[in-house]
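One file, work15.tsv, carrying TSV, C-alpha atoms:
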```
chain	number	residue	atom	x	y	z
A	1	MET	CA	32.51	-1.89	21.55
A	2	LEU	CA	30.04	-4.69	21.38
A	3	THR	CA	31.08	-5.63	17.83
A	4	VAL	CA	34.74	-5.76	18.85
A	5	LEU	CA	33.91	-8.07	21.73
A	6	LEU	CA	31.72	-10.14	19.44
A	7	ALA	CA	34.51	-10.42	16.86
A	8	ILE	CA	37.02	-11.48	19.49
A	9	GLY	CA	34.52	-13.90	20.95
A	10	VAL	CA	33.80	-15.53	17.59
A	11	LEU	CA	37.47	-15.88	16.75
A	12	VAL	CA	38.23	-17.37	20.16
A	13	LEU	CA	35.32	-19.77	19.73
A	14	LEU	CA	36.52	-20.73	16.26
A	15	SER	CA	40.06	-21.29	17.52
A	16	LEU	CA	38.78	-23.35	20.43
A	17	ILE	CA	36.74	-25.58	18.12
A	18	PHE	CA	39.66	-26.07	15.75
A	19	GLY	CA	42.05	-26.65	18.64
A	20	ALA	CA	39.72	-29.28	20.04
A	21	ILE	CA	39.47	-30.99	16.64
A	22	LEU	CA	43.26	-31.06	16.24
A	23	GLY	CA	43.79	-32.22	19.80
A	24	TYR	CA	41.31	-35.03	19.33
A	25	ALA	CA	42.87	-35.95	15.97
A	26	ASN	CA	46.31	-36.01	17.51
A	27	VAL	CA	45.19	-38.61	20.04
A	28	ARG	CA	42.88	-40.50	17.72
A	29	PHE	CA	45.31	-40.70	14.79
A	30	HIS	CA	48.49	-41.06	16.79
A	31	VAL	CA	51.22	-42.92	14.90
A	32	GLU	CA	54.15	-44.61	16.56
A	33	GLY	CA	57.46	-43.55	15.10
A	34	ASP	CA	58.73	-45.92	12.45
A	35	PRO	CA	61.11	-48.12	14.48
A	36	ILE	CA	63.26	-49.07	11.49
A	37	VAL	CA	63.97	-45.39	10.80
A	38	GLU	CA	65.14	-44.94	14.40
A	39	GLN	CA	67.49	-47.88	14.09
A	40	ILE	CA	68.94	-46.67	10.79
A	41	ASP	CA	69.31	-43.16	12.18
A	42	ALA	CA	71.26	-44.52	15.14
A	43	LEU	CA	73.81	-46.10	12.80
A	44	LEU	CA	74.40	-42.95	10.74
A	45	PRO	CA	77.26	-40.69	11.87
A	46	GLN	CA	74.98	-37.71	12.67
A	47	THR	CA	77.29	-35.26	10.97
A	48	GLN	CA	74.26	-33.71	9.22
A	49	CYS	CA	76.57	-32.89	6.33
A	50	GLY	CA	74.01	-33.38	3.59
A	51	GLN	CA	76.46	-35.10	1.23
A	52	CYS	CA	73.90	-37.85	0.65
A	53	GLY	CA	71.59	-35.27	-0.92
A	54	HIS	CA	69.20	-35.16	2.04
A	55	PRO	CA	68.98	-32.32	4.55
A	56	GLY	CA	70.51	-34.28	7.41
A	57	CYS	CA	70.91	-37.80	8.73
A	58	ARG	CA	67.33	-38.48	9.72
A	59	PRO	CA	65.86	-37.70	6.30
A	60	TYR	CA	68.45	-40.01	4.78
A	61	ALA	CA	67.48	-42.68	7.33
A	62	GLU	CA	63.88	-42.32	6.18
A	63	ALA	CA	65.00	-42.51	2.56
A	64	ILE	CA	66.88	-45.72	3.26
A	65	ALA	CA	63.80	-47.14	4.92
A	66	ASN	CA	61.97	-46.28	1.71
A	67	GLY	CA	64.47	-48.13	-0.40
A	68	GLU	CA	67.31	-45.76	-1.20
A	69	ALA	CA	70.80	-47.22	-1.59
A	70	ILE	CA	72.82	-47.46	1.63
A	71	ASN	CA	76.12	-46.27	0.13
A	72	HIS	CA	75.53	-42.54	-0.03
A	73	CYS	CA	77.16	-41.59	3.27
A	74	PRO	CA	80.81	-40.57	2.83
A	75	PRO	CA	81.47	-39.61	6.49
A	76	GLY	CA	80.24	-43.00	7.68
A	77	GLY	CA	82.34	-44.85	5.16
A	78	GLN	CA	82.44	-48.56	4.62
A	79	ALA	CA	81.85	-49.31	8.31
A	80	THR	CA	78.45	-47.63	8.26
A	81	ILE	CA	77.53	-49.38	5.03
A	82	GLN	CA	78.45	-52.72	6.60
A	83	ALA	CA	76.40	-51.97	9.71
A	84	LEU	CA	73.42	-50.87	7.61
A	85	ALA	CA	73.75	-53.96	5.43
A	86	ASP	CA	73.66	-56.16	8.54
A	87	LEU	CA	70.65	-54.32	9.95
A	88	LEU	CA	68.66	-54.38	6.72
A	89	ASP	CA	69.88	-57.80	5.65
A	90	VAL	CA	71.10	-56.61	2.26
A	91	GLU	CA	74.43	-56.89	0.53
A	92	ALA	CA	77.15	-54.42	1.50
A	93	ILE	CA	78.09	-52.34	-1.54
A	94	PRO	CA	81.12	-50.07	-1.95
A	95	LEU	CA	80.76	-46.40	-1.14
A	96	ASP	CA	79.37	-44.31	-3.94
A	97	GLY	CA	82.52	-42.16	-4.07
A	98	ASP	CA	81.26	-39.07	-5.78
A	99	HIS	CA	77.65	-38.96	-4.83
A	100	GLY	CA	75.56	-37.89	-7.74
A	101	GLU	CA	75.59	-40.84	-10.12
A	102	GLU	CA	78.78	-41.33	-12.09
A	103	THR	CA	77.09	-41.90	-15.44
A	104	ALA	CA	79.45	-39.82	-17.54
A	105	THR	CA	80.11	-41.64	-20.78
A	106	LYS	CA	83.36	-40.97	-22.56
A	107	VAL	CA	84.35	-40.65	-26.16
A	108	ALA	CA	87.81	-40.83	-27.76
A	109	VAL	CA	89.09	-37.72	-29.51
A	110	ILE	CA	92.21	-37.69	-31.70
A	111	ARG	CA	94.30	-34.52	-31.61
A	112	GLU	CA	94.46	-34.44	-35.34
A	113	ASP	CA	97.47	-32.19	-35.88
A	114	GLU	CA	99.60	-34.61	-33.83
A	115	CYS	CA	98.40	-37.78	-35.60
A	116	ILE	CA	101.12	-39.44	-37.72
A	117	GLY	CA	98.74	-41.77	-39.56
A	118	CYS	CA	100.07	-45.09	-38.23
A	119	THR	CA	96.65	-46.86	-38.31
A	120	LYS	CA	97.39	-48.65	-35.02
A	121	CYS	CA	94.32	-47.20	-33.36
A	122	ILE	CA	92.17	-48.28	-36.30
A	123	GLN	CA	93.25	-51.87	-35.76
A	124	ALA	CA	92.61	-51.61	-32.04
A	125	CYS	CA	89.11	-50.19	-32.38
A	126	PRO	CA	86.52	-52.92	-31.78
A	127	VAL	CA	83.64	-50.98	-33.32
A	128	ASP	CA	85.37	-49.47	-36.38
A	129	ALA	CA	84.78	-45.97	-35.12
A	130	ILE	CA	88.10	-44.57	-36.33
A	131	LEU	CA	88.39	-43.30	-39.84
A	132	GLY	CA	91.69	-42.82	-41.69
A	133	ALA	CA	94.35	-44.36	-43.89
A	134	ALA	CA	98.10	-44.96	-43.67
A	135	LYS	CA	100.04	-41.69	-43.40
A	136	GLN	CA	96.76	-39.80	-43.42
A	137	MET	CA	95.21	-38.08	-40.46
A	138	HIS	CA	92.75	-40.24	-38.45
A	139	THR	CA	89.62	-39.16	-36.71
A	140	VAL	CA	86.97	-40.67	-34.46
A	141	ILE	CA	83.33	-41.00	-35.44
A	142	ALA	CA	81.91	-39.83	-32.14
A	143	ASP	CA	78.53	-41.46	-32.67
A	144	GLU	CA	80.12	-44.88	-33.09
A	145	CYS	CA	82.69	-44.60	-30.30
A	146	THR	CA	81.79	-46.61	-27.21
A	147	GLY	CA	84.48	-45.00	-25.03
A	148	CYS	CA	86.22	-48.33	-24.46
A	149	ASP	CA	89.77	-46.90	-24.07
A	150	LEU	CA	91.33	-49.59	-26.29
A	151	CYS	CA	92.76	-47.11	-28.82
A	152	VAL	CA	94.58	-44.97	-26.26
A	153	GLU	CA	97.28	-47.46	-25.43
A	154	PRO	CA	98.46	-48.41	-28.98
A	155	CYS	CA	98.93	-44.80	-30.10
A	156	PRO	CA	102.70	-44.19	-30.42
A	157	VAL	CA	102.39	-40.40	-30.10
A	158	ASP	CA	99.74	-40.33	-27.38
A	159	CYS	CA	97.41	-38.08	-29.33
A	160	ILE	CA	94.14	-39.71	-28.24
A	161	ASP	CA	92.16	-38.17	-25.38
A	162	MET	CA	89.18	-39.66	-23.62
A	163	VAL	CA	86.69	-36.81	-23.27
A	164	GLU	CA	83.61	-36.94	-21.10
A	165	VAL	CA	80.33	-36.26	-22.84
A	166	GLY	CA	77.62	-34.86	-20.61
A	167	VAL	CA	73.95	-35.32	-21.20
A	168	THR	CA	72.70	-32.99	-23.90
A	169	ALA	CA	69.22	-32.22	-25.07
A	170	LYS	CA	69.70	-34.77	-27.86
A	171	THR	CA	70.78	-37.69	-25.69
A	172	TRP	CA	68.50	-36.97	-22.76
A	173	SER	CA	65.64	-39.34	-22.04
A	174	TRP	CA	63.16	-39.96	-19.24
A	175	ASP	CA	64.20	-42.21	-16.39
A	176	LYS	CA	63.03	-45.77	-16.64
A	177	PRO	CA	59.94	-46.55	-14.59
A	178	GLN	CA	61.08	-47.24	-11.06
A	179	GLY	CA	59.59	-50.69	-10.87
A	180	ILE	CA	61.71	-51.94	-13.73
A	181	ALA	CA	64.81	-49.86	-13.18
A	182	ALA	CA	64.98	-50.85	-9.53
A	183	SER	CA	64.41	-54.57	-9.95
A	184	SER	CA	67.19	-56.78	-11.18
A	185	LEU	CA	64.71	-58.24	-13.61
A	186	ASN	CA	65.39	-56.37	-16.82
A	187	ILE	CA	62.74	-57.56	-19.21
A	188	ILE	CA	63.73	-55.51	-22.21
A	189	VAL	CA	66.90	-56.75	-23.86
A	190	THR	CA	68.25	-53.34	-24.74
A	191	ASP	CA	67.92	-52.23	-21.11
A	192	ARG	CA	70.41	-54.89	-20.09
A	193	GLN	CA	73.20	-53.39	-22.14
A	194	SER	CA	74.96	-50.49	-20.52
A	195	GLU	CA	73.83	-47.24	-22.03
A	196	VAL	CA	77.01	-46.35	-23.91
A	197	ALA	CA	75.51	-46.05	-27.37
A	198	HIS	CA	75.34	-42.57	-28.79
B	1	MET	CA	25.02	-29.03	-15.15
B	2	THR	CA	26.44	-26.81	-17.90
B	3	GLU	CA	27.14	-24.19	-15.31
B	4	TYR	CA	29.27	-26.60	-13.28
B	5	LEU	CA	31.16	-27.65	-16.38
B	6	LEU	CA	31.80	-24.01	-17.18
B	7	ILE	CA	33.22	-23.43	-13.70
B	8	LEU	CA	35.67	-26.28	-14.25
B	9	VAL	CA	36.77	-25.08	-17.70
B	10	SER	CA	37.04	-21.55	-16.41
B	11	THR	CA	39.23	-22.40	-13.42
B	12	ILE	CA	41.40	-24.97	-15.17
B	13	LEU	CA	42.13	-23.13	-18.40
B	14	VAL	CA	40.71	-19.64	-18.76
B	15	ASN	CA	41.36	-18.25	-15.29
B	16	ASN	CA	44.16	-20.61	-14.39
B	17	PHE	CA	45.32	-19.66	-10.91
B	18	VAL	CA	49.01	-19.87	-11.64
B	19	LEU	CA	49.44	-18.61	-15.17
B	20	VAL	CA	46.58	-16.14	-15.46
B	21	GLN	CA	45.98	-14.93	-11.91
B	22	PHE	CA	49.59	-15.48	-10.76
B	23	LEU	CA	48.67	-17.07	-7.44
B	24	GLY	CA	50.64	-19.95	-5.97
B	25	LEU	CA	53.81	-19.08	-7.84
B	26	CYS	CA	56.19	-20.19	-5.11
B	27	PRO	CA	55.36	-23.90	-5.24
B	28	PHE	CA	55.14	-23.51	-9.01
B	29	MET	CA	58.79	-22.43	-9.18
B	30	GLY	CA	59.94	-24.27	-6.06
B	31	VAL	CA	58.86	-27.88	-6.51
B	32	SER	CA	58.92	-28.12	-10.28
B	33	GLY	CA	62.51	-29.35	-10.46
B	34	LYS	CA	61.55	-33.00	-10.69
B	35	LEU	CA	58.48	-34.54	-12.23
B	36	GLU	CA	58.03	-36.96	-9.35
B	37	THR	CA	57.94	-34.32	-6.64
B	38	SER	CA	55.66	-32.10	-8.67
B	39	ILE	CA	53.14	-34.92	-9.01
B	40	GLY	CA	53.25	-35.36	-5.23
B	41	MET	CA	52.69	-31.64	-4.73
B	42	ALA	CA	49.89	-31.62	-7.28
B	43	MET	CA	48.05	-34.46	-5.53
B	44	ALA	CA	48.45	-32.89	-2.10
B	45	THR	CA	47.28	-29.50	-3.33
B	46	THR	CA	44.23	-30.93	-5.08
B	47	PHE	CA	43.25	-32.68	-1.90
B	48	VAL	CA	43.71	-29.70	0.40
B	49	LEU	CA	42.32	-27.05	-1.94
B	50	THR	CA	39.04	-28.89	-2.45
B	51	LEU	CA	38.64	-29.57	1.25
B	52	SER	CA	39.62	-26.08	2.39
B	53	SER	CA	37.33	-24.31	-0.05
B	54	LEU	CA	34.47	-26.40	1.34
B	55	CYS	CA	35.43	-25.68	4.96
B	56	SER	CA	35.97	-21.96	4.45
B	57	TYR	CA	32.61	-21.70	2.71
B	58	LEU	CA	30.93	-23.37	5.70
B	59	THR	CA	32.80	-21.14	8.15
B	60	PHE	CA	31.81	-18.01	6.29
B	61	THR	CA	28.16	-18.93	5.78
B	62	TYR	CA	27.37	-20.43	9.15
B	63	ILE	CA	29.69	-18.61	11.56
B	64	LEU	CA	30.81	-15.24	10.17
B	65	GLN	CA	27.69	-14.19	8.27
B	66	PRO	CA	25.12	-14.72	11.06
B	67	PHE	CA	27.19	-12.46	13.36
B	68	GLY	CA	27.82	-9.89	10.61
B	69	LEU	CA	31.57	-10.39	10.86
B	70	GLU	CA	32.37	-10.67	7.16
B	71	TYR	CA	35.45	-8.48	7.63
B	72	LEU	CA	37.10	-11.30	9.60
B	73	GLN	CA	37.14	-13.55	6.55
B	74	THR	CA	40.88	-13.41	5.80
B	75	ILE	CA	42.08	-14.24	9.29
B	76	SER	CA	39.52	-16.97	9.82
B	77	PHE	CA	40.24	-18.53	6.42
B	78	ILE	CA	43.94	-18.69	7.28
B	79	LEU	CA	42.93	-20.44	10.49
B	80	VAL	CA	40.68	-22.85	8.60
B	81	ILE	CA	43.35	-23.67	6.01
B	82	ALA	CA	46.02	-24.30	8.63
B	83	VAL	CA	43.70	-26.61	10.55
B	84	VAL	CA	42.57	-28.46	7.43
B	85	VAL	CA	46.17	-29.06	6.39
B	86	GLN	CA	47.19	-30.26	9.84
B	87	PHE	CA	44.16	-32.48	10.20
B	88	THR	CA	44.62	-33.95	6.73
B	89	GLU	CA	48.23	-34.72	7.45
B	90	MET	CA	47.34	-36.59	10.64
B	91	VAL	CA	44.54	-38.56	9.04
B	92	VAL	CA	46.56	-39.47	5.94
B	93	ARG	CA	49.52	-40.49	8.06
B	94	LYS	CA	47.37	-42.83	10.10
B	95	THR	CA	45.10	-44.24	7.42
B	96	SER	CA	47.34	-44.45	4.40
B	97	PRO	CA	51.10	-44.63	4.99
B	98	LEU	CA	51.56	-45.09	1.25
B	99	LEU	CA	49.78	-41.84	0.39
B	100	TYR	CA	51.62	-40.13	3.24
B	101	ARG	CA	54.90	-41.21	1.71
B	102	VAL	CA	53.89	-39.74	-1.67
B	103	LEU	CA	52.50	-36.47	-0.31
B	104	GLY	CA	55.04	-36.39	2.52
B	105	ILE	CA	56.55	-32.98	3.15
B	106	PHE	CA	54.33	-31.26	0.62
B	107	LEU	CA	51.27	-31.26	2.86
B	108	PRO	CA	52.54	-28.73	5.43
B	109	LEU	CA	53.92	-26.56	2.63
B	110	ILE	CA	50.44	-26.03	1.25
B	111	THR	CA	49.49	-23.89	4.25
B	112	THR	CA	51.48	-21.07	2.71
B	113	ASN	CA	50.24	-21.58	-0.85
B	114	CYS	CA	48.43	-18.35	-1.58
B	115	ALA	CA	46.23	-20.02	-4.20
B	116	VAL	CA	44.45	-21.80	-1.34
B	117	LEU	CA	43.57	-18.55	0.39
B	118	GLY	CA	42.85	-16.96	-2.97
B	119	VAL	CA	40.24	-19.59	-3.83
B	120	ALA	CA	38.56	-19.20	-0.44
B	121	LEU	CA	38.35	-15.42	-0.80
B	122	GLN	CA	37.20	-15.54	-4.41
B	123	ASN	CA	34.45	-17.98	-3.50
B	124	ILE	CA	33.05	-15.31	-1.20
B	125	SER	CA	33.49	-12.38	-3.58
B	126	LYS	CA	31.91	-14.33	-6.44
B	127	GLN	CA	29.09	-15.39	-4.06
B	128	ASN	CA	29.48	-19.04	-5.02
B	129	GLY	CA	27.09	-21.51	-3.45
B	130	PHE	CA	27.98	-24.77	-1.72
B	131	VAL	CA	28.53	-26.96	-4.77
B	132	GLU	CA	30.04	-24.12	-6.78
B	133	SER	CA	32.58	-23.48	-4.03
B	134	ILE	CA	33.73	-27.08	-4.01
B	135	LEU	CA	33.92	-27.18	-7.80
B	136	TYR	CA	35.73	-23.87	-7.91
B	137	GLY	CA	38.33	-25.16	-5.46
B	138	PHE	CA	38.64	-28.47	-7.26
B	139	GLY	CA	38.97	-26.80	-10.66
B	140	ALA	CA	41.58	-24.39	-9.35
B	141	ALA	CA	43.54	-27.34	-7.94
B	142	VAL	CA	43.32	-29.31	-11.18
B	143	GLY	CA	44.49	-26.24	-13.10
B	144	PHE	CA	47.38	-25.80	-10.68
B	145	SER	CA	48.35	-29.48	-10.97
B	146	PHE	CA	48.08	-29.32	-14.74
B	147	VAL	CA	50.50	-26.44	-15.22
B	148	LEU	CA	52.80	-27.61	-12.42
B	149	ILE	CA	53.27	-31.02	-14.02
B	150	LEU	CA	53.66	-29.55	-17.50
B	151	PHE	CA	56.19	-27.05	-16.21
B	152	SER	CA	58.27	-29.61	-14.31
B	153	ALA	CA	58.38	-31.89	-17.34
B	154	MET	CA	59.71	-28.97	-19.35
B	155	ARG	CA	62.25	-28.04	-16.72
B	156	GLU	CA	63.63	-31.57	-16.57
B	157	ARG	CA	64.33	-31.28	-20.23
B	158	ILE	CA	65.62	-27.72	-20.08
B	159	ASN	CA	68.14	-28.78	-17.41
B	160	VAL	CA	70.13	-30.69	-20.01
B	161	ALA	CA	69.62	-28.25	-22.84
B	162	ASP	CA	72.39	-25.96	-23.99
B	163	VAL	CA	71.21	-22.79	-22.25
B	164	PRO	CA	73.51	-19.73	-22.11
B	165	VAL	CA	75.26	-19.67	-18.73
B	166	VAL	CA	73.61	-16.48	-17.51
B	167	PHE	CA	70.15	-17.95	-18.10
B	168	LYS	CA	70.77	-21.32	-16.45
B	169	GLY	CA	68.53	-22.51	-13.62
B	170	SER	CA	65.78	-20.26	-12.31
B	171	ALA	CA	66.23	-17.60	-14.98
B	172	ILE	CA	65.26	-19.85	-17.86
B	173	GLY	CA	62.53	-21.25	-15.60
B	174	MET	CA	61.03	-17.79	-15.23
B	175	ILE	CA	61.20	-17.22	-18.97
B	176	THR	CA	59.52	-20.57	-19.58
B	177	ALA	CA	56.79	-19.71	-17.08
B	178	GLY	CA	56.27	-16.39	-18.82
B	179	LEU	CA	55.91	-18.08	-22.19
B	180	MET	CA	53.45	-20.56	-20.69
B	181	ALA	CA	51.44	-17.66	-19.29
B	182	LEU	CA	51.40	-16.09	-22.75
B	183	ALA	CA	50.15	-19.37	-24.19
B	184	PHE	CA	47.39	-19.51	-21.59
B	185	MET	CA	46.24	-16.05	-22.65
B	186	GLY	CA	44.98	-17.84	-25.74
B	187	PHE	CA	42.18	-19.30	-23.63
B	188	THR	CA	40.86	-15.84	-22.72
B	189	ALA	CA	37.19	-15.42	-23.53
B	190	LEU	CA	36.77	-19.14	-24.19
B	191	VAL	CA	34.04	-19.04	-21.56
B	192	GLN	CA	32.64	-16.03	-19.74
B	193	ILE	CA	32.03	-16.57	-16.05
```
Can you present the structure in this file as structure tokens?
Amino acid sequence: MLTVLLAIGVLVLLSLIFGAILGYANVRFHVEGDPIVEQIDALLPQTQCGQCGHPGCRPYAEAIANGEAINHCPPGGQATIQALADLLDVEAIPLDGDHGEETATKVAVIREDECIGCTKCIQACPVDAILGAAKQMHTVIADECTGCDLCVEPCPVDCIDMVEVGVTAKTWSWDKPQGIAASSLNIIVTDRQSEVAH
Amino acid sequence: MTEYLLILVSTILVNNFVLVQFLGLCPFMGVSGKLETSIGMAMATTFVLTLSSLCSYLTFTYILQPFGLEYLQTISFILVIAVVVQFTEMVVRKTSPLLYRVLGIFLPLITTNCAVLGVALQNISKQNGFVESILYGFGAAVGFSFVLILFSAMRERINVADVPVVFKGSAIGMITAGLMALAFMGFTALVQI
């Protein structure tokens, strides 16, 4: 009996000490809510839909305060973006329609059995990515194709498709360091070109 | 000195908490989707694990042992860990908003990381002393961070690889983790401790 009481007593004592420490810390280390987050949160539509990729409006408000783009809120639309831009004193940018980074690069593909060998697409191609000769079947060198669309229009039989190429293990690379990717100051020349190659 | 070094090597590589002892698997699978978040989790865990192994050692030696209440170790260690995590979160939030932003939501999650409780309990069963306890906790945390970061880097790459549809996502993650665990078996008997 005594040991049970002792055990309970020790646990209660331990809890009391810890409770006191936490209570003291709560007062001593009290932090006022981040006022900018409150203001951003007030402008968001509070639909809690999660389309921005955050679990609700408040987390997105915090993310904006930490530097995320303001155009990830489809329910709020352009009006919300404008209001946020005014509040944060940044430029209003158009809504990021399909949230999730539209980075899909495209490549032209000739449906070869329909090709009549007219060479019109070869003349249109700015990067010489189409291979073929008159009255012979043409084809696209996928590695050279920049996905510019210019060959689609001249084709008299409409046998050229623009096909999306997703990221594969061969084309995948690490993200650029945030400091450089985020700033408009692109030091490395090749970073300034859009990443259409391969 | 050699003994301390051996503890570190043992906890980081030979008896790695995640891949050899299979503790702390839920954050290992859960937050390894992105490299950035896994680094945040790794830092937060290192911080808390070291501190909580110190605190639970003190609690056991100076409160439970004098009263002969060793059987209360599990419940009191859970209490200690929860308090350490809460306290750390408050202090970090006040003193270093930058660090708080990096560690962010990962701090409260650590309360339920079973590696933290595992380290505290193993410290007692191995009868580690004061310095050994801290080193054991620190080594365990470094080992956890090490495999977590390695694993998340692999998963980022696997996400874009041409994996058969049925294996996509968590399934291939599990297989990868299993292969990593196999690889870590190679460290067995590197040091005996």
Tell me which protein, DNA and RNA residues are within 12 Å of Ile172 (chain B), counting all atoms listed in the file, leaving out same-chain ones fewer than 3 positions away, and put them as a compact mmCIF listing (two decimals) with C-alpha atoms, in the frame of the given file.
```
# COMPACT_ATOMS: atom_id res chain seq x y z
CA MET B 29 58.79 -22.43 -9.18
CA PHE B 151 56.19 -27.05 -16.21
CA MET B 154 59.71 -28.97 -19.35
CA ARG B 155 62.25 -28.04 -16.72
CA GLU B 156 63.63 -31.57 -16.57
CA ARG B 157 64.33 -31.28 -20.23
CA ILE B 158 65.62 -27.72 -20.08
CA ASN B 159 68.14 -28.78 -17.41
CA ALA B 161 69.62 -28.25 -22.84
CA ASP B 162 72.39 -25.96 -23.99
CA VAL B 163 71.21 -22.79 -22.25
CA PRO B 164 73.51 -19.73 -22.11
CA VAL B 165 75.26 -19.67 -18.73
CA VAL B 166 73.61 -16.48 -17.51
CA PHE B 167 70.15 -17.95 -18.10
CA LYS B 168 70.77 -21.32 -16.45
CA GLY B 169 68.53 -22.51 -13.62
CA ILE B 175 61.20 -17.22 -18.97
CA THR B 176 59.52 -20.57 -19.58
CA ALA B 177 56.79 -19.71 -17.08
CA GLY B 178 56.27 -16.39 -18.82
CA LEU B 179 55.91 -18.08 -22.19
```
Listing only residues of chain A within 9 Å of chain B, what is the closest atom pair and its distance in Å (to one decimal) for each, using all atoms listed in the file, sorted by chain and residue number ascending, as CSV?
```
residue,atom,partner,partner_atom,distance
A:Thr3,CA,B:Leu69,CA,8.5
A:Leu6,CA,B:Phe67,CA,7.9
A:Ala7,CA,B:Leu69,CA,6.7
A:Val10,CA,B:Ile63,CA,7.9
A:Leu11,CA,B:Ser76,CA,7.3
A:Leu14,CA,B:Ser76,CA,8.0
A:Ser15,CA,B:Leu79,CA,7.6
A:Phe18,CA,B:Val83,CA,6.6
A:Gly19,CA,B:Val83,CA,8.3
A:Ile21,CA,B:Phe87,CA,8.1
A:Leu22,CA,B:Phe87,CA,6.3
A:Ala25,CA,B:Phe87,CA,6.9
A:Asn26,CA,B:Met90,CA,7.0
A:Phe29,CA,B:Lys94,CA,5.5
A:His30,CA,B:Lys94,CA,7.0
A:Val31,CA,B:Lys94,CA,6.2
A:Asn66,CA,B:Arg101,CA,8.7
A:Gly166,CA,B:Val160,CA,8.6
A:Val167,CA,B:Val160,CA,6.1
A:Thr168,CA,B:Val160,CA,5.2
A:Ala169,CA,B:Ala161,CA,4.6
A:Lys170,CA,B:Ala161,CA,8.2
A:Trp172,CA,B:Val160,CA,7.0
A:Ser173,CA,B:Arg157,CA,8.4
A:Trp174,CA,B:Arg157,CA,8.8
```
### Query
Which distance in Å separates CA of Leu150 (chain A) and CA of Ile130 (chain A), to one decimal?
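For CA of Leu150 (chain A) relative to CA of Ile130 (chain A), the distance reads 11.7 Å.
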Could you give me the centre and size, in Å to one decimal, of an axis-aligned box around all listed atoms of region 26-45 of chain A with 8 Å added on every side, as JSON?
```
{"center_x": 60.1, "center_y": -42.5, "center_z": 15.4, "size_x": 50.4, "size_y": 29.1, "size_z": 25.3}
```
### Best match for closeness to Ala140 (chain B) among B:Gln73, B:Thr37, B:Ser53, B:Ser96, counting all atoms listed in the file
B:Ser53
### Message
I'd like the neighbourhood of region 51-65 of chain A as a PyMOL selection string, where a residue qualifies if any of its atoms comes within 8 Å (using only C-alpha atoms), though same-chain residues fewer than 3 positions away should be ignored.
### Response
chain A and resi 36-38+40-41+44-48+68-70+72-74+99
### Message
Report, in Å with one decimal, the straight-line distance from CA of Phe187 (chain B) to CA of Gly129 (chain B).
### Response
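Between these atoms lies a distance of 25.3 Å.
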